[in-house]
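Peer 1: Submitted below is the structure of interest, expressed as structure tokens.
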Amino acid sequence: MVGGLREGEGAPTGQLQRIVFNDKWEELRREPLLRELHQRIRDVRQGPDGLLYVLTDEDPAALLKIY
């Protein structure tokens with residue numbers, strides 16, 4: 001998973017991207033997620049509970065827990 005602050009020239013157009021690789025670490029595809037939030041994604045981490053935590057960079061910012 002990769003967080004994106006911006007896509008193109010439109011703002012705010014942040015998104016989370018799920019990137020799938022093959023066994024040789026070659027990129028197979030990207031799947032954009034959370035575009036509908038219209039929030040720039042500052043950081044994404046996996047917590048010790050196995051869930052993803054996403055931090056947005058807007059006012060107000062949000063911390064999202066993804067199941």
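Letters A, B, ... go to the chains of the structure tokens in the order shown; residues in each chain start at 1; ligands are counted from 1 in the same order.
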With the cut-off set at 6 Å and counting only C-alpha atoms, tabulate each residue of segment 7-43 of chain A with an atom at most that distance from an atom of segment 49-61 of chain A, showing the nearest atom pair and its distance in Å to one decimal, ordered by chain and increasing number, as a Markdown table.

Peer 2:
```
| residue | atom | partner | partner_atom | distance |
| --- | --- | --- | --- | --- |
| A:Arg40 | CA | A:Asp57 | CA | 5.3 |
| A:Ile41 | CA | A:Thr56 | CA | 4.5 |
| A:Arg42 | CA | A:Thr56 | CA | 5.2 |
| A:Asp43 | CA | A:Leu55 | CA | 5.2 |
```

Peer 1: For the residues in that selection, give me all heavy atoms as a PDB file, in the first residue's frame.

Peer 2:
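To be explicit, this is the file written out as part_24.pdb:
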```pdb
ATOM      1  N   ARG A  40      -5.729  14.245   0.947  1.00  0.00           N
ATOM      2  CA  ARG A  40      -4.355  13.839   0.644  1.00  0.00           C
ATOM      3  C   ARG A  40      -3.928  12.813   1.680  1.00  0.00           C
ATOM      4  O   ARG A  40      -4.162  13.000   2.878  1.00  0.00           O
ATOM      5  CB  ARG A  40      -3.433  15.056   0.693  1.00  0.00           C
ATOM      6  CG  ARG A  40      -3.745  16.046  -0.395  1.00  0.00           C
ATOM      7  CD  ARG A  40      -3.136  17.416  -0.213  1.00  0.00           C
ATOM      8  NE  ARG A  40      -2.020  17.522   0.686  1.00  0.00           N
ATOM      9  CZ  ARG A  40      -0.820  17.994   0.353  1.00  0.00           C
ATOM     10  NH1 ARG A  40      -0.589  18.412  -0.870  1.00  0.00           N
ATOM     11  NH2 ARG A  40       0.145  18.082   1.237  1.00  0.00           N
ATOM     12  N   ILE A  41      -3.305  11.720   1.246  1.00  0.00           N
ATOM     13  CA  ILE A  41      -2.860  10.664   2.149  1.00  0.00           C
ATOM     14  C   ILE A  41      -1.405  10.944   2.516  1.00  0.00           C
ATOM     15  O   ILE A  41      -0.517  10.908   1.672  1.00  0.00           O
ATOM     16  CB  ILE A  41      -2.996   9.271   1.503  1.00  0.00           C
ATOM     17  CG1 ILE A  41      -4.437   9.026   1.035  1.00  0.00           C
ATOM     18  CG2 ILE A  41      -2.520   8.194   2.467  1.00  0.00           C
ATOM     19  CD1 ILE A  41      -5.469   9.020   2.125  1.00  0.00           C
ATOM     20  N   ARG A  42      -1.148  11.210   3.783  1.00  0.00           N
ATOM     21  CA  ARG A  42       0.193  11.544   4.257  1.00  0.00           C
ATOM     22  C   ARG A  42       1.015  10.291   4.556  1.00  0.00           C
ATOM     23  O   ARG A  42       2.192  10.226   4.261  1.00  0.00           O
ATOM     24  CB  ARG A  42       0.079  12.415   5.505  1.00  0.00           C
ATOM     25  CG  ARG A  42       1.369  12.701   6.224  1.00  0.00           C
ATOM     26  CD  ARG A  42       2.422  13.386   5.395  1.00  0.00           C
ATOM     27  NE  ARG A  42       2.012  14.711   4.983  1.00  0.00           N
ATOM     28  CZ  ARG A  42       2.663  15.431   4.082  1.00  0.00           C
ATOM     29  NH1 ARG A  42       3.730  14.966   3.506  1.00  0.00           N
ATOM     30  NH2 ARG A  42       2.237  16.616   3.728  1.00  0.00           N
ATOM     31  N   ASP A  43       0.397   9.281   5.191  1.00  0.00           N
ATOM     32  CA  ASP A  43       1.155   8.103   5.604  1.00  0.00           C
ATOM     33  C   ASP A  43       0.212   6.917   5.721  1.00  0.00           C
ATOM     34  O   ASP A  43      -0.974   7.076   6.011  1.00  0.00           O
ATOM     35  CB  ASP A  43       1.832   8.366   6.946  1.00  0.00           C
ATOM     36  CG  ASP A  43       2.957   7.399   7.257  1.00  0.00           C
ATOM     37  OD1 ASP A  43       3.341   6.609   6.373  1.00  0.00           O
ATOM     38  OD2 ASP A  43       3.455   7.435   8.400  1.00  0.00           O
TER      39      ASP A  43
END
```

Peer 1: DSSP says strand (DSSP E or B) for which residues of chain A? Put them as number ranges by chain?

Peer 2: A: 2-4, 15-21, 27-33, 41-46, 52-56, 63-66

Peer 1: Please save N, CA and C atoms of the selected residues as a compact mmCIF listing (two decimals), in the first residue's frame.

Peer 2:
```txt
# COMPACT_ATOMS: atom_id res chain seq x y z
N VAL A 2 0.46 2.22 -0.78
CA VAL A 2 1.20 3.47 -0.90
C VAL A 2 0.21 4.61 -0.80
N GLY A 3 0.53 5.61 0.00
CA GLY A 3 -0.30 6.79 0.10
C GLY A 3 0.10 7.81 -0.95
N GLY A 4 -0.88 8.50 -1.50
CA GLY A 4 -0.61 9.53 -2.50
C GLY A 4 -1.16 10.86 -2.06
N GLN A 15 -5.02 9.70 -2.62
CA GLN A 15 -5.58 8.36 -2.66
C GLN A 15 -4.62 7.38 -2.02
N LEU A 16 -5.12 6.22 -1.72
CA LEU A 16 -4.32 5.10 -1.27
C LEU A 16 -4.24 4.16 -2.45
N GLN A 17 -3.06 3.61 -2.74
CA GLN A 17 -2.92 2.69 -3.86
C GLN A 17 -2.44 1.33 -3.38
N ARG A 18 -3.14 0.31 -3.81
CA ARG A 18 -2.72 -1.07 -3.58
C ARG A 18 -1.92 -1.49 -4.80
N ILE A 19 -0.65 -1.85 -4.61
CA ILE A 19 0.21 -2.24 -5.72
C ILE A 19 0.48 -3.73 -5.62
N VAL A 20 0.26 -4.44 -6.72
CA VAL A 20 0.46 -5.89 -6.77
C VAL A 20 1.71 -6.18 -7.60
N PHE A 21 2.61 -7.00 -7.04
CA PHE A 21 3.85 -7.38 -7.70
C PHE A 21 3.87 -8.87 -7.99
N GLU A 27 5.97 -4.72 -11.11
CA GLU A 27 4.61 -4.25 -10.84
C GLU A 27 3.64 -4.84 -11.86
N LEU A 28 2.56 -5.45 -11.34
CA LEU A 28 1.52 -6.01 -12.19
C LEU A 28 0.36 -5.04 -12.38
N ARG A 29 -0.06 -4.42 -11.28
CA ARG A 29 -1.18 -3.48 -11.39
C ARG A 29 -1.26 -2.61 -10.14
N ARG A 30 -1.97 -1.50 -10.30
CA ARG A 30 -2.27 -0.58 -9.20
C ARG A 30 -3.78 -0.44 -9.07
N GLU A 31 -4.23 -0.40 -7.84
CA GLU A 31 -5.65 -0.24 -7.57
C GLU A 31 -5.84 0.98 -6.67
N PRO A 32 -6.41 2.07 -7.21
CA PRO A 32 -6.62 3.26 -6.38
C PRO A 32 -7.77 3.04 -5.39
N LEU A 33 -7.57 3.49 -4.17
CA LEU A 33 -8.56 3.36 -3.11
C LEU A 33 -8.73 4.70 -2.39
N ILE A 41 -3.31 11.72 1.25
CA ILE A 41 -2.86 10.66 2.15
C ILE A 41 -1.41 10.94 2.52
N ARG A 42 -1.15 11.21 3.78
CA ARG A 42 0.19 11.54 4.26
C ARG A 42 1.01 10.29 4.56
N ASP A 43 0.40 9.28 5.19
CA ASP A 43 1.15 8.10 5.60
C ASP A 43 0.21 6.92 5.72
N VAL A 44 0.76 5.73 5.50
CA VAL A 44 0.00 4.50 5.69
C VAL A 44 0.95 3.48 6.34
N ARG A 45 0.46 2.84 7.39
CA ARG A 45 1.27 1.86 8.13
C ARG A 45 0.39 0.69 8.53
N GLN A 46 1.04 -0.47 8.69
CA GLN A 46 0.34 -1.62 9.24
C GLN A 46 0.64 -1.66 10.73
N LEU A 52 -4.55 -1.69 8.73
CA LEU A 52 -3.88 -0.55 8.13
C LEU A 52 -4.37 0.73 8.78
N TYR A 53 -3.42 1.65 9.03
CA TYR A 53 -3.73 2.95 9.58
C TYR A 53 -3.30 3.99 8.56
N VAL A 54 -4.22 4.88 8.21
CA VAL A 54 -3.98 5.89 7.18
C VAL A 54 -4.14 7.27 7.81
N LEU A 55 -3.14 8.12 7.58
CA LEU A 55 -3.16 9.48 8.09
C LEU A 55 -3.36 10.44 6.93
N THR A 56 -4.38 11.30 7.02
CA THR A 56 -4.62 12.28 5.97
C THR A 56 -3.94 13.60 6.30
N LEU A 63 -7.28 10.16 11.13
CA LEU A 63 -6.56 8.90 11.26
C LEU A 63 -7.60 7.81 11.02
N LEU A 64 -7.41 7.05 9.93
CA LEU A 64 -8.37 6.02 9.54
C LEU A 64 -7.82 4.65 9.87
N LYS A 65 -8.66 3.80 10.41
CA LYS A 65 -8.30 2.41 10.67
C LYS A 65 -9.06 1.56 9.67
N ILE A 66 -8.33 0.80 8.86
CA ILE A 66 -8.95 0.03 7.78
C ILE A 66 -8.90 -1.44 8.14
```
